[in-house]
Amino acid sequence: MKYGAVVFASAAAAAFLAAPLAHQASAQSSTAQTDWTKRVTVSEKGGHILGNPLARHQLVEYVSYTCNHCANFEVTSHTPLKTVFVAEGHINTEVRNYVRDPVDLTAAMLARCGGRDKFFGNHKAFMAGQSIWLKRVVETPAEVQKTWYEGSSVERMKKIAKDAQFYALMENRGYTRAQLNTCLADETAQQAIVGMTKYGQSLKITGTPSFTLGGKLIDKVHSWPSLKTVLAGLDR
């Protein structure tokens with residue numbers, strides 16, 4: 001912060017003492033006015049963080065797109081997690097991938113399409129439509145599924161995106177086929193997804209969704225009702 005020329009020593013001292021209080025009041029006002037439910041950042045692990053980046057409590061969800069419990073968590077937690085906890089600014093929530101299969105990887109790659117501001121909308125769309133597209137995946141003939149394991153990584157994901165109708169899901173969100181194929185070919189994104197999965201494995205995660213708070217795995221918590229109880233007990 002820059003100050004103008006100081007004429008009187010007493011005035012300078014008064015200004016110096018008042019500055020921290022003014023700064024504090026300004027910071028508090030800024031925090032109160034910030035809509036943390038619209039603030040999205042990316043963590044060093046590559047996950048997407050919703051909320052105050054400097055929140056006192058950091059919640060991390062390890063998620064698989066082919067996990068029906070994860071879809072249920074997204075549906076049941078989406079509104080209360082944001083409006084009751086994230087909005088206050090003392091908790092942020094990060095979504096990290098814990099990939100279980102090629103279909104999961106394909107969905108994870110497409111969910112990242114469009115950058116950080118598009119992620120949570122894409123994430124919600126995949127989870128909300130999971131019961132439809134996962135049924136389609138399960139009912140895909142074995143001879144077709146076999147082709148999902150042939151060719152390069154990008155070629156495999158393109159086949160899955162077509163057969164699972166992920167292309168259609170994302171095109172309904174305003175993406176073009178060319179944009180989606182570019183996202184599927186993003187090696188940096190794939191490395192981030194694989195890296196998050198490996199890190200989750202190092203935490204001894206055995207199922208999804210699983211959660212960490214302050215970097216520590218929350219034992220036996222895999223649903224919104226049980227997680228809500230944990231969050232409600234945190235200091236604000």
# chains A, B, ... in the order shown; residues from 1 in each chain; ligands from 1
call {"tool": "residues_around", "arguments": {"residues": "A:Tyr62", "least_positions_apart": "4", "cutoff": "12 Å", "atoms": "only C-alpha atoms", "output": "PDB file with N, CA, C and O atoms, in the first residue's frame"}}
result
ATOM      1  N   LYS A  45      -3.123 -30.799  -7.277  1.00  0.00           N
ATOM      2  CA  LYS A  45      -3.319 -32.187  -7.710  1.00  0.00           C
ATOM      3  C   LYS A  45      -4.144 -32.263  -8.997  1.00  0.00           C
ATOM      4  O   LYS A  45      -4.245 -33.317  -9.603  1.00  0.00           O
ATOM      5  N   GLY A  47      -7.460 -31.304  -9.107  1.00  0.00           N
ATOM      6  CA  GLY A  47      -8.874 -31.345  -8.792  1.00  0.00           C
ATOM      7  C   GLY A  47      -9.491 -29.961  -8.854  1.00  0.00           C
ATOM      8  O   GLY A  47      -8.784 -28.948  -8.853  1.00  0.00           O
ATOM      9  N   HIS A  48     -10.807 -29.907  -8.913  1.00  0.00           N
ATOM     10  CA  HIS A  48     -11.524 -28.638  -9.000  1.00  0.00           C
ATOM     11  C   HIS A  48     -12.121 -28.291  -7.643  1.00  0.00           C
ATOM     12  O   HIS A  48     -12.852 -29.092  -7.060  1.00  0.00           O
ATOM     13  N   CYS A  67     -19.658 -44.958 -10.562  1.00  0.00           N
ATOM     14  CA  CYS A  67     -20.061 -45.372  -9.213  1.00  0.00           C
ATOM     15  C   CYS A  67     -21.439 -44.804  -8.906  1.00  0.00           C
ATOM     16  O   CYS A  67     -21.613 -43.577  -8.872  1.00  0.00           O
ATOM     17  N   HIS A  69     -23.074 -44.824  -6.141  1.00  0.00           N
ATOM     18  CA  HIS A  69     -23.079 -44.126  -4.856  1.00  0.00           C
ATOM     19  C   HIS A  69     -22.575 -42.690  -5.027  1.00  0.00           C
ATOM     20  O   HIS A  69     -23.038 -41.777  -4.326  1.00  0.00           O
ATOM     21  N   CYS A  70     -21.639 -42.495  -5.961  1.00  0.00           N
ATOM     22  CA  CYS A  70     -21.134 -41.152  -6.237  1.00  0.00           C
ATOM     23  C   CYS A  70     -22.216 -40.288  -6.872  1.00  0.00           C
ATOM     24  O   CYS A  70     -22.351 -39.098  -6.551  1.00  0.00           O
ATOM     25  N   PHE A  73     -24.575 -39.314  -4.193  1.00  0.00           N
ATOM     26  CA  PHE A  73     -24.001 -38.257  -3.355  1.00  0.00           C
ATOM     27  C   PHE A  73     -24.137 -36.897  -4.036  1.00  0.00           C
ATOM     28  O   PHE A  73     -24.508 -35.908  -3.395  1.00  0.00           O
ATOM     29  N   GLU A  74     -23.853 -36.837  -5.326  1.00  0.00           N
ATOM     30  CA  GLU A  74     -23.957 -35.568  -6.055  1.00  0.00           C
ATOM     31  C   GLU A  74     -25.384 -35.040  -6.020  1.00  0.00           C
ATOM     32  O   GLU A  74     -25.611 -33.848  -5.766  1.00  0.00           O
ATOM     33  N   THR A  93     -14.829 -27.350  -1.144  1.00  0.00           N
ATOM     34  CA  THR A  93     -14.933 -28.754  -1.513  1.00  0.00           C
ATOM     35  C   THR A  93     -14.266 -28.994  -2.862  1.00  0.00           C
ATOM     36  O   THR A  93     -14.478 -28.239  -3.809  1.00  0.00           O
ATOM     37  N   GLU A  94     -13.446 -30.002  -2.914  1.00  0.00           N
ATOM     38  CA  GLU A  94     -12.684 -30.315  -4.126  1.00  0.00           C
ATOM     39  C   GLU A  94     -13.092 -31.680  -4.659  1.00  0.00           C
ATOM     40  O   GLU A  94     -13.198 -32.645  -3.896  1.00  0.00           O
ATOM     41  N   VAL A  95     -13.301 -31.759  -5.952  1.00  0.00           N
ATOM     42  CA  VAL A  95     -13.613 -33.030  -6.598  1.00  0.00           C
ATOM     43  C   VAL A  95     -12.348 -33.561  -7.257  1.00  0.00           C
ATOM     44  O   VAL A  95     -11.742 -32.886  -8.091  1.00  0.00           O
ATOM     45  N   ARG A  96     -11.943 -34.755  -6.868  1.00  0.00           N
ATOM     46  CA  ARG A  96     -10.792 -35.433  -7.472  1.00  0.00           C
ATOM     47  C   ARG A  96     -11.247 -36.770  -8.050  1.00  0.00           C
ATOM     48  O   ARG A  96     -12.117 -37.435  -7.490  1.00  0.00           O
ATOM     49  N   ASN A  97     -10.638 -37.155  -9.131  1.00  0.00           N
ATOM     50  CA  ASN A  97     -10.990 -38.419  -9.780  1.00  0.00           C
ATOM     51  C   ASN A  97     -10.332 -39.606  -9.107  1.00  0.00           C
ATOM     52  O   ASN A  97      -9.194 -39.542  -8.650  1.00  0.00           O
ATOM     53  N   TYR A  98     -11.078 -40.691  -9.053  1.00  0.00           N
ATOM     54  CA  TYR A  98     -10.559 -41.988  -8.628  1.00  0.00           C
ATOM     55  C   TYR A  98     -11.055 -42.975  -9.682  1.00  0.00           C
ATOM     56  O   TYR A  98     -12.108 -43.600  -9.533  1.00  0.00           O
ATOM     57  N   VAL A  99     -10.304 -43.071 -10.776  1.00  0.00           N
ATOM     58  CA  VAL A  99     -10.760 -43.791 -11.969  1.00  0.00           C
ATOM     59  C   VAL A  99     -10.726 -45.304 -11.770  1.00  0.00           C
ATOM     60  O   VAL A  99      -9.729 -45.860 -11.308  1.00  0.00           O
ATOM     61  N   ARG A 100     -11.827 -45.949 -12.163  1.00  0.00           N
ATOM     62  CA  ARG A 100     -11.972 -47.392 -11.979  1.00  0.00           C
ATOM     63  C   ARG A 100     -11.951 -48.175 -13.282  1.00  0.00           C
ATOM     64  O   ARG A 100     -11.669 -49.383 -13.275  1.00  0.00           O
ATOM     65  N   ILE A 193      -5.605 -36.776 -14.075  1.00  0.00           N
ATOM     66  CA  ILE A 193      -6.620 -37.721 -13.612  1.00  0.00           C
ATOM     67  C   ILE A 193      -5.974 -38.986 -13.048  1.00  0.00           C
ATOM     68  O   ILE A 193      -6.343 -39.475 -11.978  1.00  0.00           O
ATOM     69  N   MET A 196      -4.291 -38.172  -9.690  1.00  0.00           N
ATOM     70  CA  MET A 196      -5.234 -38.094  -8.574  1.00  0.00           C
ATOM     71  C   MET A 196      -5.649 -39.482  -8.115  1.00  0.00           C
ATOM     72  O   MET A 196      -5.796 -39.739  -6.911  1.00  0.00           O
ATOM     73  N   THR A 197      -5.833 -40.378  -9.081  1.00  0.00           N
ATOM     74  CA  THR A 197      -6.210 -41.755  -8.747  1.00  0.00           C
ATOM     75  C   THR A 197      -5.106 -42.437  -7.939  1.00  0.00           C
ATOM     76  O   THR A 197      -5.373 -43.086  -6.914  1.00  0.00           O
ATOM     77  N   LYS A 198      -3.882 -42.274  -8.373  1.00  0.00           N
ATOM     78  CA  LYS A 198      -2.753 -42.888  -7.665  1.00  0.00           C
ATOM     79  C   LYS A 198      -2.602 -42.305  -6.268  1.00  0.00           C
ATOM     80  O   LYS A 198      -2.297 -43.030  -5.310  1.00  0.00           O
ATOM     81  N   TYR A 199      -2.822 -41.004  -6.154  1.00  0.00           N
ATOM     82  CA  TYR A 199      -2.718 -40.384  -4.834  1.00  0.00           C
ATOM     83  C   TYR A 199      -3.817 -40.920  -3.919  1.00  0.00           C
ATOM     84  O   TYR A 199      -3.589 -41.184  -2.737  1.00  0.00           O
ATOM     85  N   GLY A 200      -5.014 -41.097  -4.477  1.00  0.00           N
ATOM     86  CA  GLY A 200      -6.103 -41.668  -3.700  1.00  0.00           C
ATOM     87  C   GLY A 200      -5.771 -43.074  -3.226  1.00  0.00           C
ATOM     88  O   GLY A 200      -6.084 -43.458  -2.089  1.00  0.00           O
ATOM     89  N   GLN A 201      -5.116 -43.840  -4.083  1.00  0.00           N
ATOM     90  CA  GLN A 201      -4.711 -45.202  -3.711  1.00  0.00           C
ATOM     91  C   GLN A 201      -3.709 -45.175  -2.560  1.00  0.00           C
ATOM     92  O   GLN A 201      -3.735 -46.044  -1.684  1.00  0.00           O
ATOM     93  N   LEU A 203      -3.756 -43.211  -0.178  1.00  0.00           N
ATOM     94  CA  LEU A 203      -4.513 -42.939   1.051  1.00  0.00           C
ATOM     95  C   LEU A 203      -5.278 -44.175   1.528  1.00  0.00           C
ATOM     96  O   LEU A 203      -5.980 -44.117   2.542  1.00  0.00           O
ATOM     97  N   LYS A 204      -5.171 -45.271   0.779  1.00  0.00           N
ATOM     98  CA  LYS A 204      -5.849 -46.530   1.097  1.00  0.00           C
ATOM     99  C   LYS A 204      -7.367 -46.431   0.931  1.00  0.00           C
ATOM    100  O   LYS A 204      -8.136 -47.035   1.681  1.00  0.00           O
ATOM    101  N   ILE A 205      -7.786 -45.656  -0.066  1.00  0.00           N
ATOM    102  CA  ILE A 205      -9.208 -45.576  -0.371  1.00  0.00           C
ATOM    103  C   ILE A 205      -9.675 -46.921  -0.914  1.00  0.00           C
ATOM    104  O   ILE A 205      -9.050 -47.501  -1.800  1.00  0.00           O
ATOM    105  N   THR A 206     -10.778 -47.411  -0.386  1.00  0.00           N
ATOM    106  CA  THR A 206     -11.285 -48.720  -0.802  1.00  0.00           C
ATOM    107  C   THR A 206     -12.598 -48.623  -1.562  1.00  0.00           C
ATOM    108  O   THR A 206     -13.058 -49.611  -2.138  1.00  0.00           O
ATOM    109  N   GLY A 207     -13.224 -47.461  -1.566  1.00  0.00           N
ATOM    110  CA  GLY A 207     -14.488 -47.303  -2.272  1.00  0.00           C
ATOM    111  C   GLY A 207     -14.779 -45.841  -2.512  1.00  0.00           C
ATOM    112  O   GLY A 207     -14.158 -44.958  -1.917  1.00  0.00           O
ATOM    113  N   THR A 208     -15.713 -45.592  -3.412  1.00  0.00           N
ATOM    114  CA  THR A 208     -16.092 -44.216  -3.713  1.00  0.00           C
ATOM    115  C   THR A 208     -17.591 -44.026  -3.493  1.00  0.00           C
ATOM    116  O   THR A 208     -18.361 -44.972  -3.653  1.00  0.00           O
ATOM    117  N   PRO A 209     -18.021 -42.801  -3.115  1.00  0.00           N
ATOM    118  CA  PRO A 209     -17.141 -41.677  -2.840  1.00  0.00           C
ATOM    119  C   PRO A 209     -16.437 -41.834  -1.493  1.00  0.00           C
ATOM    120  O   PRO A 209     -16.987 -42.415  -0.564  1.00  0.00           O
ATOM    121  N   SER A 210     -15.216 -41.319  -1.430  1.00  0.00           N
ATOM    122  CA  SER A 210     -14.491 -41.232  -0.167  1.00  0.00           C
ATOM    123  C   SER A 210     -14.059 -39.790   0.017  1.00  0.00           C
ATOM    124  O   SER A 210     -13.919 -39.050  -0.958  1.00  0.00           O
ATOM    125  N   PHE A 211     -13.829 -39.414   1.267  1.00  0.00           N
ATOM    126  CA  PHE A 211     -13.567 -38.007   1.563  1.00  0.00           C
ATOM    127  C   PHE A 211     -12.365 -37.844   2.480  1.00  0.00           C
ATOM    128  O   PHE A 211     -12.125 -38.683   3.358  1.00  0.00           O
ATOM    129  N   THR A 212     -11.641 -36.748   2.250  1.00  0.00           N
ATOM    130  CA  THR A 212     -10.608 -36.349   3.186  1.00  0.00           C
ATOM    131  C   THR A 212     -10.951 -34.959   3.698  1.00  0.00           C
ATOM    132  O   THR A 212     -11.584 -34.165   3.003  1.00  0.00           O
ATOM    133  N   LEU A 213     -10.544 -34.675   4.897  1.00  0.00           N
ATOM    134  CA  LEU A 213     -10.729 -33.364   5.501  1.00  0.00           C
ATOM    135  C   LEU A 213      -9.377 -32.950   6.057  1.00  0.00           C
ATOM    136  O   LEU A 213      -8.808 -33.637   6.910  1.00  0.00           O
ATOM    137  N   GLY A 215      -6.712 -33.203   4.489  1.00  0.00           N
ATOM    138  CA  GLY A 215      -5.743 -34.187   4.003  1.00  0.00           C
ATOM    139  C   GLY A 215      -5.854 -35.555   4.639  1.00  0.00           C
ATOM    140  O   GLY A 215      -5.149 -36.485   4.242  1.00  0.00           O
ATOM    141  N   LEU A 217      -8.084 -38.970   5.602  1.00  0.00           N
ATOM    142  CA  LEU A 217      -9.244 -39.751   5.174  1.00  0.00           C
ATOM    143  C   LEU A 217     -10.265 -39.837   6.296  1.00  0.00           C
ATOM    144  O   LEU A 217      -9.930 -40.116   7.450  1.00  0.00           O
ATOM    145  N   ILE A 218     -11.529 -39.557   5.954  1.00  0.00           N
ATOM    146  CA  ILE A 218     -12.619 -39.668   6.932  1.00  0.00           C
ATOM    147  C   ILE A 218     -13.115 -41.112   6.905  1.00  0.00           C
ATOM    148  O   ILE A 218     -13.659 -41.573   5.901  1.00  0.00           O
ATOM    149  N   VAL A 221     -17.199 -42.902   6.023  1.00  0.00           N
ATOM    150  CA  VAL A 221     -18.123 -41.869   5.552  1.00  0.00           C
ATOM    151  C   VAL A 221     -18.168 -41.931   4.034  1.00  0.00           C
ATOM    152  O   VAL A 221     -17.166 -41.652   3.364  1.00  0.00           O
ATOM    153  N   HIS A 222     -19.323 -42.305   3.483  1.00  0.00           N
ATOM    154  CA  HIS A 222     -19.453 -42.462   2.033  1.00  0.00           C
ATOM    155  C   HIS A 222     -20.779 -41.922   1.504  1.00  0.00           C
ATOM    156  O   HIS A 222     -21.146 -42.210   0.363  1.00  0.00           O
TER     157      HIS A 222
END
call {"tool": "closest_residue", "arguments": {"among": "A:Val86, A:Ala185, A:Met109, A:Val230", "to": "A:Tyr65", "atoms": "only C-alpha atoms"}}
result
A:Met109
call {"tool": "residues_around", "arguments": {"residues": "A:Arg156", "least_positions_apart": "6", "cutoff": "12 Å", "atoms": "only C-alpha atoms", "output": "list in words"}}
result
Asp101, Pro102, Val103, Leu105, Thr106, Val144, Gln145, Lys146, Thr147, Trp148, Tyr149, Glu150, Lys162, Asp163, Asn181, Leu184 and Ala185 of chain A
call {"tool": "closest_residue", "arguments": {"among": "A:Thr66, A:Gly151, A:Arg177, A:Tyr167", "to": "A:Lys135", "atoms": "only C-alpha atoms"}}
result
A:Thr66
call {"tool": "select_by_dssp", "arguments": {"residues": "stretch 100-171 of chain A", "states": "helix (DSSP H, G or I)", "output": "PyMOL selection string"}}
result
chain A and resi 102-111+116-128+130-138+142-149+153-163+166-171
call {"tool": "residues_around", "arguments": {"residues": "stretch 122-133 of chain A", "least_positions_apart": "4", "cutoff": "6 Å", "atoms": "only C-alpha atoms", "output": "list in words"}}
result
Ala71, Ala111 and Ala164 of chain A
call {"tool": "write_last_selection", "arguments": {"atoms": "N, CA, C and O atoms", "output": "PDB file, in the first residue's frame"}}
result
ATOM      1  N   ALA A  71     -22.973 -40.888  -7.765  1.00  0.00           N
ATOM      2  CA  ALA A  71     -24.073 -40.152  -8.400  1.00  0.00           C
ATOM      3  C   ALA A  71     -25.117 -39.770  -7.361  1.00  0.00           C
ATOM      4  O   ALA A  71     -25.642 -38.653  -7.362  1.00  0.00           O
ATOM      5  N   ALA A 111     -15.533 -34.245 -18.649  1.00  0.00           N
ATOM      6  CA  ALA A 111     -16.010 -33.338 -17.603  1.00  0.00           C
ATOM      7  C   ALA A 111     -15.083 -32.137 -17.445  1.00  0.00           C
ATOM      8  O   ALA A 111     -15.523 -31.051 -17.048  1.00  0.00           O
ATOM      9  N   ALA A 164     -21.529 -44.787 -25.584  1.00  0.00           N
ATOM     10  CA  ALA A 164     -22.219 -44.408 -24.347  1.00  0.00           C
ATOM     11  C   ALA A 164     -23.042 -43.139 -24.522  1.00  0.00           C
ATOM     12  O   ALA A 164     -23.743 -42.723 -23.604  1.00  0.00           O
TER      13      ALA A 164
END
call {"tool": "atom_distance", "arguments": {"atom1": "atom CA of A:Thr37", "atom2": "atom CA of A:Leu59"}}
result
14.3 Å
call {"tool": "residues_around", "arguments": {"residues": "A:Ile49", "least_positions_apart": "3", "cutoff": "9 Å", "atoms": "only C-alpha atoms", "output": "PyMOL selection string"}}
result
chain A and resi 39-43+52-53+60+92-95+116
call {"tool": "atom_distance", "arguments": {"atom1": "atom CA of A:Ser223", "atom2": "atom CA of A:His57"}}
result
18.6 Å
call {"tool": "atom_distance", "arguments": {"atom1": "atom CA of A:Val75", "atom2": "atom CA of A:Lys228"}}
result
13.9 Å
call {"tool": "closest_residue", "arguments": {"among": "A:Leu227, A:Gln190, A:Ile160, A:Lys216", "to": "A:Ser202", "atoms": "only C-alpha atoms"}}
result
A:Lys216
call {"tool": "closest_residue", "arguments": {"among": "A:Ala168, A:Met157, A:Cys113, A:Leu231", "to": "A:Leu81", "atoms": "only C-alpha atoms"}}
result
A:Leu231
